[in-house]
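Notes follow the structure.
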Amino acid sequence: MTQNENYRSVTTVTEIKEYIGNAKVIAFDYETAPDIDFREEERAALDPVKSHIVGCSYSVEEGTAIYVPIAHLTGENVDPTEFWKFQEEFLTDPTVIKIAHNLSFESVMSYHLGIVIQPPVYDTIVACQLTMKSKWEFRKLSESGLKRMSTEQFGVEMPSFTEVTNGRHFDEMNPQDWETVRYGCADSDMTLRLYNKCNNWFDRYLPQHRKLVEDIESPTAVFLGLMKHNGVPVNRELMEERKTEAEEKIAQIKAEIEEMCSGVAIGSNCSTNAFKLHLYKTLGLPVVKTTETNREAADDQAMQMLKEWCDKNKPELSHLFELVQEYRKWGKLKSTYIDGYLKYINSVTGRIHPDFFSLSTDTGRMNCRNPNIQNCPRATNDPIGVRSFIKAPEGCKLISNDFSQIELRVGAFYCRDEKMLWTYRNGGDIHAQTTSVIFGVTYEQAEDKHFPGYKEHRTIAKNVNFGTFYGLFPRGLQKTLKFKAGVDRSFEECAEIIDNLKAGYPGLTKWQEETKAHAAKVCYSETWLGRRRYLPGILSDDWGKKSFAERCALNTPIQGTAADILKAACGRIIKGLPQRPWLQPILQIHDELVFIVPEDKVQEAEDFIKKCMEVQPYPDFDVPIVSEGSCGSDFGHMEELD
């Protein structure tokens, strides 16, 4: 980029206002630098508790921008008090569209100063991800960076941070030097250009995605920034205790296994070649499962199948496979949930601050990493109590609000089956309704805990329900029941269960067939709000590829619509946070939102969150949405709220 007289540095709020004028669409971007104690720490400039905002740029017209220095160590800066007063008014103005590329970062940094950015907002990195790079593919996050998009879309090579700073931090740059001004201004200018470019594309090819960006994804980006900033409070002392216990347990189980295997090295996961050789050659056990490369498998399912074979043929070896499963379970608990969490505890806050992503799944569900704290196990399969590591600060409580059976409710809405709709509209029990349908008992009998076979029937019904809308096959159901629910049913029995399900819920089968047929015709599936997922594999002659695409065609409307409903709730919540600064969002897990609240604000918080979550998501949606709240001092011991 050559010198541009339309890029300039300004140092007064008056000049900012003169440049912005009456504009209602404004792109902005922060430049940051590490605080003095963290100058040598990698990525500290991206951490709000270890860094500060050095400057901010704005663009209201393509090709123009201003850079406002706030905390440079050399040159002239704006008056910070006046600037932050202006900035708060700007970021909370309901009449101005605030645009940023990776709005979550601007949200993190603004929130650290007490500002919750308010809609209307627009995140261009999200917009890029919802535009297409080829006939069948949307852009990935890694393909949506500002510098890459600038080159790809506008032929403009933006300078890299390293090139401009030459080893310095950004606050060491003179804010009146052209290189500094150019770097700061280019970010907001290119962001504004992307805003216009993406919206033109949306308006021409996929208008629903523009609405998703504006109404769903961009407010969600703000919410993700708030969660990132607040972090997950943890009980480090308990984690260290559990680490010692886990190490002792792992060593004990390992010694038992190696004794049974004559000292064969089993490694950290019982998957060494020596261990497999011992099983299949030395012990002569049958190969019950093979890998994709046709080698002997030693995964969890293979171990369970070998145990079942040994139960009947070599019972003296059954205990070996019980030990292997225990060894693996404890190994994963330690490596993923103790060592993995301890690694990410922030040295300043003592909390874990995961990276949250809004569009890293094909259905639109959110996820997180560094670490993936969304996958913390439930108590039923967790002997060390991982969820108890998440502990509220002194004087506070954790509140969790979970959408009750949101995917099943969305599925009932889509398929219009009368029994499903009646169940939800009348506050009924969908698992009892499905028990009634697949086992031919009355609804009242299905609800009766003393009715013969109640427990097993309900277990089967629950597992059937969670696969109902995505296309069940007898073999898959048989495996699910066996390996996830511990229920052994024959192939024929599973086929009969599925036949009964289809007969009992006629609206389900009709919707499934119509949805697959429509997807085959247009090669995509979409949510109710128009979030699209292309499925070219649905035209494949390969049964495996075609079958997978058909399952995606069924999965996307339900799981994706449920994700849209949750994200819409996040947007409502951020609107109420300025009046509730004590309410801190910290975590999202599947259909659940978790917050920190002062002990004396629990009921007020619950009422507000529930109200935001139970809003009818759009006019056509005629199935009640239910949010269930719980509260506790730690995440492992939560009690239901009325």
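Residue numbers start at 1 in each chain; chains themselves are named A, B, ... in the order of the structure tokens; ligands are numbered from 1 in the order shown.
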field: DSSP strand (DSSP E) residues within stretch 205-372 of chain A, as a list in words
entry: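 Across stretch 205-372 of chain A, those assigned strand (DSSP E) are Val232, Pro233, Arg351, Ile352, Asp355, Phe356, Phe357, Asn367, Cys368 and Arg369 of chain A.
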field: Nearby residues (only C-alpha atoms) at most 12 Å from A:Glu326, same-chain spacing under 4 positions excluded, as an MDAnalysis selection string
entry: chainID A and resid 246 249:254 256:257 269:270 300 303:304 319:322 330:333 381:383
Please save N, CA, C and O atoms of the selected residues as an mmCIF file, in the first residue's frame.
```cif
data_model
loop_
_atom_site.group_PDB
_atom_site.id
_atom_site.type_symbol
_atom_site.label_atom_id
_atom_site.label_comp_id
_atom_site.auth_asym_id
_atom_site.auth_seq_id
_atom_site.Cartn_x
_atom_site.Cartn_y
_atom_site.Cartn_z
ATOM 1 N N ALA A 246 -5.312 -39.714 40.600
ATOM 2 C CA ALA A 246 -5.364 -40.343 39.279
ATOM 3 C C ALA A 246 -4.048 -41.045 38.955
ATOM 4 O O ALA A 246 -4.044 -42.159 38.425
ATOM 5 N N LYS A 249 -3.920 -44.270 40.855
ATOM 6 C CA LYS A 249 -4.855 -45.237 40.286
ATOM 7 C C LYS A 249 -4.315 -45.812 38.982
ATOM 8 O O LYS A 249 -4.380 -47.022 38.744
ATOM 9 N N ILE A 250 -3.777 -44.956 38.129
ATOM 10 C CA ILE A 250 -3.230 -45.397 36.842
ATOM 11 C C ILE A 250 -2.070 -46.363 37.057
ATOM 12 O O ILE A 250 -1.971 -47.398 36.389
ATOM 13 N N ALA A 251 -1.184 -46.028 37.995
ATOM 14 C CA ALA A 251 -0.032 -46.904 38.280
ATOM 15 C C ALA A 251 -0.498 -48.264 38.796
ATOM 16 O O ALA A 251 0.053 -49.310 38.426
ATOM 17 N N GLN A 252 -1.513 -48.268 39.638
ATOM 18 C CA GLN A 252 -2.039 -49.518 40.200
ATOM 19 C C GLN A 252 -2.639 -50.400 39.100
ATOM 20 O O GLN A 252 -2.352 -51.604 39.025
ATOM 21 N N ILE A 253 -3.468 -49.796 38.228
ATOM 22 C CA ILE A 253 -4.101 -50.577 37.160
ATOM 23 C C ILE A 253 -3.057 -51.079 36.169
ATOM 24 O O ILE A 253 -3.110 -52.226 35.711
ATOM 25 N N LYS A 254 -2.084 -50.230 35.869
ATOM 26 C CA LYS A 254 -1.037 -50.624 34.924
ATOM 27 C C LYS A 254 -0.269 -51.833 35.442
ATOM 28 O O LYS A 254 0.012 -52.779 34.685
ATOM 29 N N GLU A 256 -1.360 -54.141 37.451
ATOM 30 C CA GLU A 256 -2.231 -55.320 37.355
ATOM 31 C C GLU A 256 -2.267 -55.860 35.931
ATOM 32 O O GLU A 256 -2.192 -57.077 35.707
ATOM 33 N N ILE A 257 -2.392 -54.953 34.956
ATOM 34 C CA ILE A 257 -2.455 -55.390 33.555
ATOM 35 C C ILE A 257 -1.146 -56.045 33.139
ATOM 36 O O ILE A 257 -1.133 -57.120 32.521
ATOM 37 N N ASN A 269 -1.847 -46.159 26.863
ATOM 38 C CA ASN A 269 -3.241 -46.354 26.460
ATOM 39 C C ASN A 269 -3.572 -47.798 26.083
ATOM 40 O O ASN A 269 -4.602 -48.060 25.479
ATOM 41 N N CYS A 270 -2.691 -48.731 26.428
ATOM 42 C CA CYS A 270 -2.903 -50.142 26.060
ATOM 43 C C CYS A 270 -3.108 -50.298 24.554
ATOM 44 O O CYS A 270 -4.004 -51.032 24.111
ATOM 45 N N ASP A 300 -11.770 -49.085 22.083
ATOM 46 C CA ASP A 300 -12.654 -49.439 23.200
ATOM 47 C C ASP A 300 -13.709 -50.456 22.801
ATOM 48 O O ASP A 300 -14.020 -51.376 23.566
ATOM 49 N N MET A 303 -12.153 -53.857 22.643
ATOM 50 C CA MET A 303 -11.908 -54.388 23.988
ATOM 51 C C MET A 303 -13.205 -54.914 24.623
ATOM 52 O O MET A 303 -13.212 -55.959 25.282
ATOM 53 N N GLN A 304 -14.305 -54.212 24.397
ATOM 54 C CA GLN A 304 -15.582 -54.660 24.955
ATOM 55 C C GLN A 304 -16.047 -55.953 24.272
ATOM 56 O O GLN A 304 -16.575 -56.854 24.927
ATOM 57 N N HIS A 319 -11.381 -60.257 33.182
ATOM 58 C CA HIS A 319 -10.959 -59.152 34.045
ATOM 59 C C HIS A 319 -9.899 -58.280 33.373
ATOM 60 O O HIS A 319 -9.823 -57.068 33.630
ATOM 61 N N LEU A 320 -9.102 -58.871 32.496
ATOM 62 C CA LEU A 320 -8.075 -58.108 31.788
ATOM 63 C C LEU A 320 -8.703 -56.943 31.023
ATOM 64 O O LEU A 320 -8.198 -55.810 31.067
ATOM 65 N N PHE A 321 -9.810 -57.215 30.363
ATOM 66 C CA PHE A 321 -10.416 -56.175 29.526
ATOM 67 C C PHE A 321 -11.176 -55.146 30.357
ATOM 68 O O PHE A 321 -11.311 -53.988 29.946
ATOM 69 N N GLU A 322 -11.642 -55.556 31.519
ATOM 70 C CA GLU A 322 -12.205 -54.579 32.450
ATOM 71 C C GLU A 322 -11.110 -53.617 32.906
ATOM 72 O O GLU A 322 -11.321 -52.399 32.992
ATOM 73 N N TRP A 330 -9.116 -43.694 33.156
ATOM 74 C CA TRP A 330 -8.333 -42.867 34.082
ATOM 75 C C TRP A 330 -7.256 -42.080 33.346
ATOM 76 O O TRP A 330 -6.971 -40.927 33.690
ATOM 77 N N GLY A 331 -6.670 -42.688 32.326
ATOM 78 C CA GLY A 331 -5.658 -41.984 31.539
ATOM 79 C C GLY A 331 -6.228 -40.758 30.844
ATOM 80 O O GLY A 331 -5.616 -39.685 30.836
ATOM 81 N N LYS A 332 -7.442 -40.937 30.276
ATOM 82 C CA LYS A 332 -8.069 -39.797 29.595
ATOM 83 C C LYS A 332 -8.480 -38.722 30.597
ATOM 84 O O LYS A 332 -8.310 -37.521 30.345
ATOM 85 N N LEU A 333 -9.022 -39.139 31.720
ATOM 86 C CA LEU A 333 -9.421 -38.166 32.735
ATOM 87 C C LEU A 333 -8.245 -37.310 33.175
ATOM 88 O O LEU A 333 -8.345 -36.089 33.298
ATOM 89 N N ASN A 381 -20.016 -40.940 34.369
ATOM 90 C CA ASN A 381 -18.825 -41.620 33.867
ATOM 91 C C ASN A 381 -17.559 -40.881 34.297
ATOM 92 O O ASN A 381 -16.604 -40.758 33.547
ATOM 93 N N ASP A 382 -17.566 -40.391 35.532
ATOM 94 C CA ASP A 382 -16.463 -39.547 35.983
ATOM 95 C C ASP A 382 -16.181 -39.774 37.475
ATOM 96 O O ASP A 382 -16.774 -39.116 38.326
ATOM 97 N N PRO A 383 -15.262 -40.686 37.797
ATOM 98 C CA PRO A 383 -14.975 -40.986 39.201
ATOM 99 C C PRO A 383 -14.192 -39.899 39.932
ATOM 100 O O PRO A 383 -14.069 -39.946 41.156
#
```
- prompt: Mind checking DSSP for stretch 437-604 of chain A and telling me the helix (DSSP H, G or I) residues as JSON, numbers by chain?
  reply: {"A": [437, 438, 439, 443, 444, 445, 446, 447, 454, 455, 456, 457, 458, 459, 460, 461, 462, 463, 464, 465, 466, 467, 468, 474, 475, 476, 477, 478, 479, 480, 481, 482, 483, 484, 491, 492, 493, 494, 495, 496, 497, 498, 499, 500, 501, 502, 503, 504, 506, 507, 508, 509, 510, 511, 512, 513, 514, 515, 516, 517, 518, 519, 520, 521, 522, 536, 537, 538, 539, 543, 544, 545, 546, 547, 548, 549, 550, 551, 552, 553, 554, 555, 556, 557, 558, 559, 560, 561, 562, 563, 564, 565, 566, 567, 568, 569, 570, 571, 572, 573, 574, 575, 576, 599, 600, 601, 602, 603, 604]}
message: Env of stretch 162-174 of chain A: 10 Å cut, atoms = only C-alpha atoms, seq-sep filter 2 positions within chain, self excluded. Answer as a count of residues only.
response: 31
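Within the 8 Å cut-off around A:Glu526, using only C-alpha atoms and omitting residues fewer than 2 positions from it on the same chain, the listed residues are Tyr524, Trp528, Leu529, Gly530, Arg531, Arg532, Arg533, Ala553, Thr556, Pro557 and Gly560 of chain A.
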Could the residues in this selection be saved with C-alpha atoms as a PDB file, in the first residue's frame?
```pdb
ATOM      1  CA  TYR A 524     -28.329 -28.690   0.304  1.00  0.00           C
ATOM      2  CA  TRP A 528     -35.496 -22.613   9.519  1.00  0.00           C
ATOM      3  CA  LEU A 529     -33.655 -19.284   9.361  1.00  0.00           C
ATOM      4  CA  GLY A 530     -31.892 -20.301   6.145  1.00  0.00           C
ATOM      5  CA  ARG A 531     -28.451 -21.414   7.395  1.00  0.00           C
ATOM      6  CA  ARG A 532     -27.369 -23.558   4.456  1.00  0.00           C
ATOM      7  CA  ARG A 533     -25.218 -26.687   4.263  1.00  0.00           C
ATOM      8  CA  ALA A 553     -29.858 -33.535   5.416  1.00  0.00           C
ATOM      9  CA  THR A 556     -28.874 -29.975   9.800  1.00  0.00           C
ATOM     10  CA  PRO A 557     -32.411 -28.529  10.080  1.00  0.00           C
ATOM     11  CA  GLY A 560     -28.782 -26.169  13.210  1.00  0.00           C
TER      12      GLY A 560
END
```
task: Find the spatial neighbours of A:Trp201, counting only C-alpha atoms, within a cut-off of 12 Å - ignore same-chain residues fewer than 3 positions away - and output them as number ranges by chain.
output: A: 127-128, 130-133, 153, 194-198, 204-210
query: For A:Ile497, which residue out of A:Tyr618, A:Phe473, A:Tyr337, A:Phe38 is the nearest one, using only C-alpha atoms?
result: A:Phe473
task: Would you please work out which residue, of A:Tyr534, A:Tyr414, A:Trp543, A:Phe439, is nearest to A:Glu493 when using only C-alpha atoms?
output: A:Phe439
